[in-house]
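S.K.: Below is target-v8.csv; it holds CSV, C-alpha atoms.
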```
chain,number,residue,atom,x,y,z
Q,1,MET,CA,67.6,-53.6,-5.5
Q,2,SER,CA,70.0,-53.2,-8.4
Q,3,ILE,CA,69.4,-55.4,-11.4
Q,4,THR,CA,72.5,-54.3,-13.3
Q,5,HIS,CA,75.8,-56.2,-13.4
Q,6,ILE,CA,78.5,-53.7,-12.6
Q,7,PRO,CA,81.8,-54.5,-14.5
Q,8,GLU,CA,84.7,-55.4,-12.3
Q,9,THR,CA,86.8,-52.5,-13.7
Q,10,VAL,CA,84.1,-50.0,-12.6
Q,11,LYS,CA,83.9,-51.7,-9.1
Q,12,ILE,CA,87.7,-51.4,-8.6
Q,13,ARG,CA,87.7,-47.8,-9.6
Q,14,LEU,CA,84.8,-47.0,-7.3
Q,15,TRP,CA,86.6,-48.8,-4.4
Q,16,GLY,CA,89.7,-46.7,-5.1
Q,17,LYS,CA,87.7,-43.4,-5.2
Q,18,ALA,CA,86.0,-44.3,-1.9
Q,19,ALA,CA,89.2,-45.6,-0.2
Q,20,GLY,CA,87.2,-48.6,0.8
Q,21,CYS,CA,84.8,-46.7,3.0
Q,22,CYS,CA,81.2,-45.7,3.0
Q,23,GLN,CA,80.7,-42.5,1.0
Q,24,TYR,CA,77.7,-41.3,2.9
Q,25,ARG,CA,78.4,-38.0,4.5
Q,26,GLY,CA,79.9,-38.3,8.0
Q,27,CYS,CA,80.0,-42.2,7.9
Q,28,GLN,CA,83.4,-43.3,6.4
Q,29,GLN,CA,82.9,-46.8,7.9
Q,30,PRO,CA,85.5,-49.2,6.5
Q,31,LEU,CA,83.8,-51.7,4.2
Q,32,TYR,CA,86.5,-54.3,4.2
Q,33,LEU,CA,85.9,-55.7,7.7
Q,34,ASP,CA,83.0,-56.5,10.0
Q,35,SER,CA,82.5,-53.6,12.5
Q,36,LEU,CA,81.7,-56.1,15.4
Q,37,THR,CA,84.0,-59.1,14.8
Q,38,LYS,CA,86.7,-57.1,12.9
Q,39,ALA,CA,86.9,-60.1,10.5
Q,40,GLU,CA,88.0,-58.9,7.1
Q,41,PHE,CA,85.6,-59.4,4.2
Q,42,ASN,CA,83.6,-57.3,1.7
Q,43,THR,CA,80.7,-55.6,3.5
Q,44,ALA,CA,80.1,-52.9,0.8
Q,45,TYR,CA,77.0,-52.2,-1.3
Q,46,ILE,CA,77.1,-50.3,-4.6
Q,47,ALA,CA,74.3,-47.8,-4.6
Q,48,HIS,CA,72.8,-46.0,-7.6
Q,49,ILE,CA,72.2,-42.3,-7.4
Q,50,ILE,CA,69.7,-42.6,-10.2
Q,51,ALA,CA,68.2,-46.1,-10.1
Q,52,ASP,CA,69.1,-48.5,-12.9
Q,53,SER,CA,65.4,-48.8,-13.7
Q,54,PRO,CA,62.8,-46.0,-14.1
Q,55,GLY,CA,60.7,-47.4,-11.3
Q,56,GLY,CA,63.5,-47.5,-8.8
Q,57,PRO,CA,64.6,-44.9,-6.2
Q,58,ARG,CA,65.2,-41.6,-8.1
Q,59,GLY,CA,64.6,-43.5,-11.4
Q,60,ASP,CA,64.4,-41.7,-14.7
Q,61,PRO,CA,62.9,-42.9,-18.1
Q,62,ILE,CA,66.1,-42.0,-20.0
Q,63,LEU,CA,69.0,-41.6,-17.5
Q,64,SER,CA,68.4,-44.9,-15.7
Q,65,GLU,CA,69.5,-46.9,-18.7
Q,66,GLN,CA,72.3,-44.4,-19.7
Q,67,LEU,CA,73.9,-44.3,-16.2
Q,68,LYS,CA,73.2,-47.8,-14.9
Q,69,ASP,CA,76.9,-48.8,-14.8
Q,70,ASN,CA,78.5,-45.4,-15.0
Q,71,ILE,CA,80.9,-44.6,-12.1
Q,72,SER,CA,79.6,-41.1,-11.9
Q,73,ASN,CA,76.2,-42.5,-10.8
Q,74,LEU,CA,77.5,-45.0,-8.3
Q,75,MET,CA,78.4,-44.7,-4.6
Q,76,LEU,CA,80.0,-47.2,-2.2
Q,77,MET,CA,78.0,-47.5,0.9
Q,78,CYS,CA,77.5,-49.5,4.1
Q,79,ASP,CA,74.3,-51.6,4.6
Q,80,VAL,CA,72.8,-48.9,6.9
Q,81,HIS,CA,73.1,-46.0,4.5
Q,82,HIS,CA,72.3,-48.1,1.4
Q,83,ARG,CA,68.9,-49.0,3.0
Q,84,LEU,CA,68.5,-45.4,4.2
Q,85,ILE,CA,68.7,-43.8,0.7
Q,86,ASP,CA,66.9,-46.5,-1.2
Q,87,LYS,CA,64.1,-47.6,1.2
Q,88,GLN,CA,63.7,-45.6,4.4
Q,89,ASP,CA,64.2,-42.0,3.2
Q,90,VAL,CA,64.2,-41.8,-0.6
Q,91,PHE,CA,62.5,-38.4,-0.5
Q,92,GLY,CA,65.2,-37.0,1.8
Q,93,HIS,CA,67.9,-38.1,-0.6
Q,94,PRO,CA,67.3,-36.4,-4.0
Q,95,VAL,CA,69.8,-36.8,-6.9
Q,96,ASN,CA,71.6,-33.5,-6.5
Q,97,PHE,CA,72.1,-34.1,-2.8
Q,98,LEU,CA,73.7,-37.5,-3.4
Q,99,ARG,CA,75.8,-36.2,-6.2
Q,100,GLN,CA,77.1,-33.4,-4.0
Q,101,MET,CA,77.9,-35.9,-1.3
Q,102,LYS,CA,79.8,-38.1,-3.7
Q,103,LYS,CA,81.7,-35.1,-5.1
Q,104,GLU,CA,82.8,-33.8,-1.7
Q,105,TYR,CA,83.9,-37.2,-0.5
Q,106,GLU,CA,85.9,-38.1,-3.6
Q,107,GLU,CA,87.6,-34.7,-3.6
Q,108,LYS,CA,88.6,-35.1,0.0
Q,109,ILE,CA,90.1,-38.6,-0.7
Q,110,GLY,CA,91.9,-37.1,-3.7
Q,111,ILE,CA,93.4,-34.3,-1.5
Q,112,LEU,CA,94.5,-36.8,1.2
Q,113,SER,CA,96.0,-39.3,-1.3
Q,114,SER,CA,98.1,-36.5,-3.0
Q,115,ILE,CA,99.6,-35.1,0.2
Q,116,LYS,CA,103.4,-35.5,0.2
Q,117,GLU,CA,105.5,-37.2,2.9
Q,118,GLU,CA,106.6,-33.9,4.5
Q,119,PHE,CA,103.0,-33.1,5.4
Q,120,ARG,CA,102.7,-36.1,7.8
Q,121,SER,CA,101.8,-35.1,11.3
Q,122,HIS,CA,101.7,-37.2,14.4
Q,123,VAL,CA,98.6,-36.4,16.4
Q,124,LEU,CA,99.3,-36.0,20.2
Q,125,THR,CA,96.4,-36.0,22.6
Q,126,TYR,CA,96.3,-35.4,26.3
Q,127,GLY,CA,93.5,-35.1,28.8
Q,128,ALA,CA,93.2,-35.0,32.6
Q,129,ASN,CA,90.2,-34.7,35.0
Q,130,ILE,CA,88.9,-31.1,35.5
Q,131,GLY,CA,87.0,-31.1,38.8
Q,132,ASN,CA,84.7,-34.1,38.8
Q,133,HIS,CA,84.7,-34.2,35.0
Q,134,ALA,CA,86.8,-36.5,32.8
Q,135,ALA,CA,88.5,-34.5,30.0
Q,136,MET,CA,89.4,-37.0,27.3
Q,137,VAL,CA,90.1,-35.7,23.8
Q,138,SER,CA,87.8,-37.2,21.0
Q,139,ILE,CA,89.9,-38.8,18.3
Q,140,GLU,CA,87.1,-38.2,15.8
Q,141,LYS,CA,87.3,-34.5,16.2
Q,142,THR,CA,91.0,-34.2,15.9
Q,143,TYR,CA,91.6,-35.4,12.4
Q,144,PRO,CA,89.2,-33.0,10.6
Q,145,ALA,CA,91.1,-30.1,12.3
Q,146,ILE,CA,94.5,-30.9,10.8
Q,147,THR,CA,93.4,-31.5,7.2
Q,148,PRO,CA,93.9,-30.4,4.4
Q,149,HIS,CA,97.3,-28.8,5.5
Q,150,TRP,CA,98.4,-31.9,7.4
Q,151,TYR,CA,97.4,-35.5,7.5
Q,152,PRO,CA,97.7,-38.2,10.3
Q,153,ALA,CA,101.0,-40.0,10.1
Q,154,GLU,CA,99.5,-43.0,12.0
Q,155,LYS,CA,96.0,-44.5,12.4
Q,156,PHE,CA,95.8,-43.8,16.1
Q,157,PRO,CA,97.1,-40.7,18.0
Q,158,ILE,CA,99.9,-40.7,20.6
Q,159,GLU,CA,98.0,-40.7,24.0
Q,160,LEU,CA,99.6,-39.3,27.1
Q,161,SER,CA,96.6,-39.3,29.4
Q,162,LEU,CA,96.2,-41.2,32.6
Q,163,LYS,CA,93.0,-43.2,31.8
Q,164,ASN,CA,90.3,-44.1,34.4
Q,165,SER,CA,91.8,-41.8,37.0
Q,166,TRP,CA,89.6,-41.3,40.1
Q,167,PHE,CA,91.7,-38.4,41.4
Q,168,VAL,CA,90.3,-34.8,41.1
Q,169,ASP,CA,92.1,-31.6,41.1
Q,170,SER,CA,90.9,-30.6,44.6
Q,171,GLU,CA,93.0,-33.4,46.1
Q,172,PRO,CA,96.7,-32.6,46.9
Q,173,GLN,CA,97.9,-35.9,45.5
Q,174,TYR,CA,96.2,-35.2,42.2
Q,175,TRP,CA,98.9,-32.8,41.0
Q,176,PHE,CA,101.8,-35.2,41.8
Q,177,ILE,CA,100.1,-38.2,40.2
Q,178,GLU,CA,98.9,-36.5,37.0
Q,179,ARG,CA,102.2,-34.6,36.6
Q,180,GLU,CA,104.3,-37.6,37.2
Q,181,ASN,CA,102.2,-39.7,34.7
Q,182,LEU,CA,102.6,-37.0,32.1
Q,183,ARG,CA,106.3,-36.8,32.5
Q,184,ARG,CA,106.8,-40.6,32.4
Q,185,GLN,CA,104.5,-41.0,29.4
Q,186,PHE,CA,106.4,-38.2,27.6
Q,187,SER,CA,109.7,-39.8,28.4
Q,188,THR,CA,108.8,-43.3,27.3
Q,189,THR,CA,106.2,-42.7,24.6
Q,190,LEU,CA,107.2,-39.5,22.8
Q,191,LYS,CA,110.7,-38.3,23.7
Q,192,PRO,CA,112.6,-41.2,22.1
Q,193,ARG,CA,110.7,-40.8,18.8
Q,194,LEU,CA,111.4,-37.0,18.8
Q,195,ILE,CA,115.1,-37.5,19.5
Q,196,SER,CA,115.5,-40.2,16.8
Q,197,GLY,CA,113.8,-37.9,14.2
Q,198,GLU,CA,111.0,-40.3,13.5
Q,199,ILE,CA,108.5,-37.6,14.5
Q,200,LYS,CA,109.0,-34.4,12.5
Q,201,HIS,CA,105.8,-32.6,13.2
Q,202,LEU,CA,103.2,-32.8,16.0
Q,203,SER,CA,99.5,-31.8,16.0
Q,204,VAL,CA,98.7,-31.2,19.7
Q,205,PHE,CA,95.2,-31.6,21.2
Q,206,ALA,CA,95.0,-31.2,24.9
Q,207,PHE,CA,92.3,-30.5,27.5
Q,208,ALA,CA,93.2,-30.5,31.1
Q,209,PRO,CA,93.7,-28.2,34.1
Q,210,GLN,CA,95.9,-25.3,33.1
Q,211,PRO,CA,99.0,-26.1,35.2
Q,212,LEU,CA,99.2,-29.5,33.5
Q,213,LEU,CA,98.8,-27.9,30.1
Q,214,ILE,CA,101.7,-25.6,30.9
Q,215,GLU,CA,103.7,-28.6,32.0
Q,216,LEU,CA,102.9,-30.3,28.7
Q,217,GLY,CA,104.2,-27.3,26.8
Q,218,HIS,CA,107.3,-27.2,29.0
Q,219,LEU,CA,108.0,-30.8,28.2
Q,220,LEU,CA,107.5,-30.3,24.5
Q,221,SER,CA,109.5,-27.0,24.4
Q,222,ASP,CA,109.6,-25.1,21.2
Q,223,ILE,CA,112.3,-27.3,19.6
Q,224,PRO,CA,110.1,-29.9,17.8
Q,225,THR,CA,107.8,-28.4,15.2
Q,226,ALA,CA,104.3,-28.5,16.6
Q,227,LYS,CA,100.9,-27.0,15.9
Q,228,ILE,CA,98.7,-26.4,19.0
Q,229,TYR,CA,95.0,-26.6,18.6
Q,230,GLN,CA,92.2,-24.9,20.6
Q,231,LEU,CA,88.8,-26.5,21.5
Q,232,HIS,CA,86.2,-24.0,20.6
Q,233,ARG,CA,82.7,-23.7,22.1
Q,234,GLU,CA,81.1,-22.1,19.0
Q,235,PRO,CA,81.3,-24.0,16.8
Q,236,PRO,CA,82.2,-27.0,19.0
Q,237,ASN,CA,85.4,-28.2,17.3
Q,238,TRP,CA,89.2,-27.9,17.1
Q,239,VAL,CA,89.3,-26.2,13.7
Q,240,TRP,CA,91.2,-22.9,13.6
Q,241,GLN,CA,89.1,-20.2,12.0
Q,242,LYS,CA,90.5,-17.9,9.3
Q,243,ASN,CA,89.2,-14.7,10.6
Q,244,ALA,CA,88.3,-13.2,14.0
Q,245,ASP,CA,87.5,-9.9,15.5
Q,246,ASP,CA,90.4,-7.5,16.0
Q,247,PHE,CA,91.9,-7.5,19.5
Q,248,HIS,CA,95.1,-6.9,21.4
Q,249,PHE,CA,96.8,-8.1,24.5
Q,250,GLU,CA,97.1,-5.4,27.2
Q,251,ILE,CA,100.2,-5.7,29.5
Q,252,ILE,CA,100.0,-3.8,32.8
Q,253,GLU,CA,103.2,-3.3,34.8
Q,254,PRO,CA,103.0,-3.1,38.6
Q,255,MET,CA,103.3,0.3,40.2
Q,256,GLN,CA,105.5,-0.9,43.1
Q,257,THR,CA,108.4,-3.4,43.2
Q,258,PHE,CA,108.3,-6.1,45.8
Q,259,PRO,CA,110.4,-9.3,46.3
Q,260,VAL,CA,107.3,-11.4,45.5
Q,261,VAL,CA,106.3,-11.2,41.8
Q,262,ALA,CA,103.1,-12.6,40.3
Q,263,LEU,CA,101.7,-12.9,36.8
Q,264,ASN,CA,97.9,-12.4,36.3
Q,265,LEU,CA,96.7,-13.9,33.1
Q,266,SER,CA,93.2,-12.6,32.7
Q,267,LEU,CA,92.3,-13.9,29.2
Q,268,SER,CA,89.5,-16.3,29.6
Q,269,ALA,CA,88.1,-14.6,32.7
Q,270,ASN,CA,89.0,-11.6,34.9
Q,271,ILE,CA,91.2,-12.4,37.9
Q,272,ASP,CA,91.0,-9.7,40.5
Q,273,ASP,CA,94.3,-8.8,42.1
Q,274,SER,CA,92.8,-9.4,45.6
Q,275,ARG,CA,92.5,-13.1,44.8
Q,276,ILE,CA,96.3,-13.2,44.2
Q,277,GLN,CA,97.0,-11.2,47.3
Q,278,SER,CA,94.9,-13.5,49.4
Q,279,VAL,CA,97.5,-16.2,48.5
Q,280,LEU,CA,100.7,-14.3,48.4
Q,281,GLY,CA,100.1,-11.4,50.8
Q,282,PRO,CA,99.6,-7.7,50.1
Q,283,ASP,CA,103.2,-6.9,49.2
Q,284,VAL,CA,103.4,-8.4,45.7
Q,285,SER,CA,104.2,-7.0,42.3
Q,286,ILE,CA,101.5,-8.1,40.0
Q,287,TRP,CA,102.0,-8.1,36.2
Q,288,THR,CA,98.8,-8.4,34.3
Q,289,VAL,CA,98.1,-9.7,30.8
Q,290,LYS,CA,94.5,-9.2,29.6
Q,291,THR,CA,92.3,-8.7,26.6
Q,292,PRO,CA,89.7,-5.9,26.4
Q,293,GLN,CA,86.9,-8.4,27.1
Q,294,PRO,CA,88.1,-11.6,28.7
Q,295,ASN,CA,86.0,-14.6,27.8
Q,296,ASN,CA,86.4,-18.3,27.4
Q,297,ASP,CA,86.0,-18.4,23.6
Q,298,PHE,CA,88.0,-15.4,22.3
Q,299,LEU,CA,90.8,-17.4,20.8
Q,300,LYS,CA,89.7,-18.2,17.2
Q,301,THR,CA,92.8,-18.0,15.0
Q,302,GLU,CA,96.4,-19.1,14.8
Q,303,LYS,CA,97.3,-15.5,14.3
Q,304,GLN,CA,96.0,-14.7,17.7
Q,305,LEU,CA,97.9,-17.5,19.2
Q,306,GLN,CA,101.1,-16.4,17.5
Q,307,LEU,CA,100.6,-12.9,18.7
Q,308,PHE,CA,100.4,-14.2,22.3
Q,309,ARG,CA,103.6,-16.2,21.8
Q,310,GLU,CA,105.5,-13.1,20.7
Q,311,GLN,CA,104.1,-10.8,23.5
Q,312,PHE,CA,104.6,-13.4,26.2
Q,313,ARG,CA,108.2,-14.0,25.2
Q,314,LEU,CA,109.0,-10.3,25.5
Q,315,LEU,CA,107.1,-10.1,28.8
Q,316,LEU,CA,109.2,-12.9,30.4
Q,317,ASP,CA,112.3,-10.9,29.5
Q,318,ARG,CA,110.9,-7.7,30.9
Q,319,ILE,CA,110.0,-9.3,34.2
Q,320,LYS,CA,113.4,-10.9,34.5
Q,321,HIS,CA,115.1,-7.6,33.7
Q,322,LYS,CA,113.0,-5.7,36.2
Q,323,HIS,CA,113.1,-8.2,39.2
Q,324,GLY,CA,116.3,-10.2,38.7
Q,325,GLN,CA,117.4,-13.7,37.7
Q,326,SER,CA,116.8,-15.1,41.2
Q,327,THR,CA,113.1,-14.2,41.2
Q,328,VAL,CA,110.4,-16.9,41.3
Q,329,LEU,CA,107.4,-15.9,39.1
Q,330,HIS,CA,104.0,-16.9,40.5
Q,331,VAL,CA,101.6,-17.6,37.7
Q,332,PHE,CA,97.8,-17.3,38.0
Q,333,PRO,CA,96.3,-18.4,34.7
Q,334,ALA,CA,92.8,-18.0,33.3
Q,335,VAL,CA,93.6,-18.8,29.6
Q,336,PRO,CA,92.4,-20.9,26.7
Q,337,VAL,CA,94.0,-24.4,26.5
Q,338,ALA,CA,96.2,-23.6,23.5
Q,339,ILE,CA,97.7,-20.6,25.2
Q,340,ALA,CA,98.3,-22.6,28.4
Q,341,VAL,CA,100.4,-25.1,26.3
Q,342,GLU,CA,102.2,-22.2,24.6
Q,343,ILE,CA,103.1,-20.7,27.9
Q,344,GLY,CA,105.1,-23.8,28.7
Q,345,ARG,CA,106.6,-24.0,25.2
Q,346,VAL,CA,107.7,-20.3,25.1
Q,347,ARG,CA,109.6,-20.5,28.4
Q,348,MET,CA,113.3,-21.2,27.9
Q,349,PRO,CA,114.3,-23.7,30.7
Q,350,LYS,CA,117.9,-22.5,31.1
Q,351,SER,CA,117.4,-18.8,31.1
Q,352,ASP,CA,113.9,-17.9,32.2
Q,353,LEU,CA,112.6,-17.5,35.8
Q,354,PRO,CA,111.3,-20.5,37.7
Q,355,LEU,CA,107.4,-20.6,37.6
Q,356,LYS,CA,105.1,-21.5,40.4
Q,357,ILE,CA,101.8,-22.4,38.8
Q,358,TYR,CA,98.5,-22.0,40.6
Q,359,ASP,CA,95.0,-23.3,39.8
Q,360,GLN,CA,91.6,-22.1,40.8
Q,361,SER,CA,90.0,-24.6,43.2
Q,362,ASN,CA,86.3,-24.1,43.8
Q,363,ALA,CA,86.3,-26.8,46.4
Q,364,GLN,CA,89.0,-24.9,48.4
Q,365,GLY,CA,87.6,-21.4,47.7
Q,366,GLY,CA,90.4,-19.9,45.7
Q,367,PHE,CA,93.8,-20.4,44.0
Q,368,ILE,CA,96.0,-23.2,45.2
Q,369,LYS,CA,99.6,-24.0,44.3
Q,370,ALA,CA,99.8,-26.9,41.8
Q,371,PHE,CA,103.6,-27.2,41.3
Q,372,GLU,CA,106.8,-25.4,40.3
Q,373,ILE,CA,108.6,-25.5,37.0
Q,374,SER,CA,112.3,-24.8,37.5
Q,375,VAL,CA,115.6,-25.4,35.9
Q,376,SER,CA,116.3,-28.5,37.9
Q,377,GLY,CA,114.7,-31.7,36.7
Q,378,ASP,CA,113.6,-30.3,33.4
Q,379,HIS,CA,112.5,-32.9,30.9
Q,380,HIS,CA,112.6,-30.8,27.7
Q,381,VAL,CA,113.6,-32.3,24.4
```
Could you write out this file's structure as structure tokens?
M.R.:
Amino acid sequence: MSITHIPETVKIRLWGKAAGCCQYRGCQQPLYLDSLTKAEFNTAYIAHIIADSPGGPRGDPILSEQLKDNISNLMLMCDVHHRLIDKQDVFGHPVNFLRQMKKEYEEKIGILSSIKEEFRSHVLTYGANIGNHAAMVSIEKTYPAITPHWYPAEKFPIELSLKNSWFVDSEPQYWFIERENLRRQFSTTLKPRLISGEIKHLSVFAFAPQPLLIELGHLLSDIPTAKIYQLHREPPNWVWQKNADDFHFEIIEPMQTFPVVALNLSLSANIDDSRIQSVLGPDVSIWTVKTPQPNNDFLKTEKQLQLFREQFRLLLDRIKHKHGQSTVLHVFPAVPVAIAVEIGRVRMPKSDLPLKIYDQSNAQGGFIKAFEISVSGDHHV
């Protein structure tokens, strides 16, 4: 327990450096309201890194007196973490560890508070059931992914999901219900704010069956400035990495030309052409986009995503030139979530071919048609 009176000027400075939150690594609990009742009052404790008495936690015969009311030796903490470092686990919280924790936290607050208005980004989240599993996007994991280049324009993200849905993607009505909800949510929640200019930049976090991700990208189009994020497996977060292994997209053109045209996107997994032919018949021209080693965690960097955008845009033009403007393109995707969204964004509604999007259904033993994206009824911005 502290025995030192901390001057009010020091307390105010410490509150400012902490932005009113617990400075313990990973906590950031607001200390101006009760976490249960949400009533606003001071719940903060001022913790000493080096105790203000030699016999206290991490006390020192000389430094305890010298630093007892020095802001460099003080941390703002919640009750839980104050007790943790001073009573429950003193040994696990040495001086250098706490100093590093304080330094990292205050540097982060300094960066965020200095960001200019043009770096505000509205966070957009979207999730839909995949099989029997609910796919909701965790808010806590989205904000660390956008900093320090962007910062949240609002406290809560814009949510387009249909919550508490009992429908699964093996049911025929699933696709109509989820797609219609997404379109209506977009039209009422997001589109007016984009048209008015209120939203100037979007940070998009989506996790859903791939046809719905393509639909989300189609609704967004590439007109509003947006940054699409990818949920990685290793490490399990949304943060774009700076470097990744070299790779390329291989585009394979069909040997024969048929009236029916399909696009095989074997990026997350290999799709054998026979699986497409079992749906469309043997007389089908199949274009294939693949990586040397398709896997579900190859997409690591924004550069890889940008390369896909560029290649896919050229590919759509090649297919249209080869097969004609009246052709419907049947799309069979096995792609990362960010690429699925970009497929919809890259497509130009008024000039590109209509898309029939398919989804792998384990319950039905193969690919099933989800829905079609065409010129009529487009909801792009």
S.K.: Name all residues at most 7 Å from Val328 of chain Q (count all atoms listed in the file; drop same-chain ones fewer than 4 positions away) and give them as an mmCIF file with C-alpha atoms, in the coordinates of the input.
M.R.:
```
data_model
loop_
_atom_site.group_PDB
_atom_site.id
_atom_site.type_symbol
_atom_site.label_atom_id
_atom_site.label_comp_id
_atom_site.auth_asym_id
_atom_site.auth_seq_id
_atom_site.Cartn_x
_atom_site.Cartn_y
_atom_site.Cartn_z
ATOM 1 C CA LEU Q 353 112.600 -17.500 35.800
ATOM 2 C CA PRO Q 354 111.300 -20.500 37.700
ATOM 3 C CA LEU Q 355 107.400 -20.600 37.600
#
```
S.K.: Name all residues at most 12 Å from Tyr126 of chain Q (count all atoms listed in the file; drop same-chain ones fewer than 6 positions away) and give them as a ChimeraX atom specification.
M.R.: /Q:134-139,142,157-163,178-179,181-183,185-186,203-209,212-213,215-217,228-229,337,341
S.K.: For atom CA of His81 of chain Q and atom CA of Thr9 of chain Q, quote the distance in Å rounded to one decimal.
M.R.: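 One can read the atom CA of His81 of chain Q to atom CA of Thr9 of chain Q distance as 23.7 Å.
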S.K.: Which is closer to Gly55 of chain Q than all the others in Q:Gln230, Q:Ile251, Q:Gln364, Q:Ile3, using only C-alpha atoms?
M.R.: Q:Ile3
S.K.: Do a neighbour search on segment 61-76 of chain Q at 6 Å with all atoms listed in the file, toss out local chain neighbours closer than 2 positions, and write the hits as a ChimeraX atom specification.
M.R.: /Q:6,22-23,45-49,51-54,59
S.K.: For atom CA of Gln241 of chain Q and atom CA of Ala19 of chain Q, quote the distance in Å rounded to one decimal.
M.R.: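 About the pair atom CA of Gln241 of chain Q and atom CA of Ala19 of chain Q: they are 28.2 Å apart.
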S.K.: Quick check, in Å to one decimal: how far apart do atom CA of His149 of chain Q and atom CA of Glu310 of chain Q lie?
M.R.: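 Separation between atom CA of His149 of chain Q and atom CA of Glu310 of chain Q: 23.3 Å.
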S.K.: Between Q:Ile368, Q:Cys27, Q:Val10, Q:Ile146, single out the one closest to Asn237 of chain Q, counting only C-alpha atoms.
M.R.: Q:Ile146
S.K.: Within 6 Å of Arg120 of chain Q, counting only C-alpha atoms, which residues show up once you throw out same-chain ones fewer than 5 positions away? Write them as an MDAnalysis selection string, please.
M.R.: chainID Q and resid 151:153
S.K.: Between Q:Pro282, Q:Pro349, Q:Pro7, Q:Pro336, which is the closest to Asn295 of chain Q once you count only C-alpha atoms?
M.R.: Q:Pro336
S.K.: Could you give me, as JSON, numbers by chain, the residues within 12 Å of Asp272 of chain Q, counting all atoms listed in the file and dropping anything in the same chain fewer than 3 positions from it?
M.R.: {"Q": [263, 264, 265, 266, 269, 275, 276, 277, 278, 286, 287, 288, 290, 332, 333, 334, 366, 367]}
S.K.: Looking at Q:Leu307, Q:Trp166, Q:Leu280, Q:Pro144, which one is nearest to Phe249 of chain Q, with distances taken over all atoms listed in the file?
M.R.: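 Checking each of Q:Leu307, Q:Trp166, Q:Leu280, Q:Pro144 against Phe249 of chain Q, counting all atoms listed in the file, the winner is Q:Leu307.
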S.K.: So, with all atoms listed in the file as the atoms that count, which of Q:Leu84, Q:Met77, Q:Leu219, Q:Ile50 lies closest to Arg99 of chain Q?
M.R.: Q:Ile50
S.K.: Give the answer as one residue: which of Q:Gly26, Q:Gly20, Q:Gly365, Q:Gly344 has the shortest atom-to-atom distance to His218 of chain Q, using only C-alpha atoms?
M.R.: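 Result for the nearest residue to His218 of chain Q: Q:Gly344.
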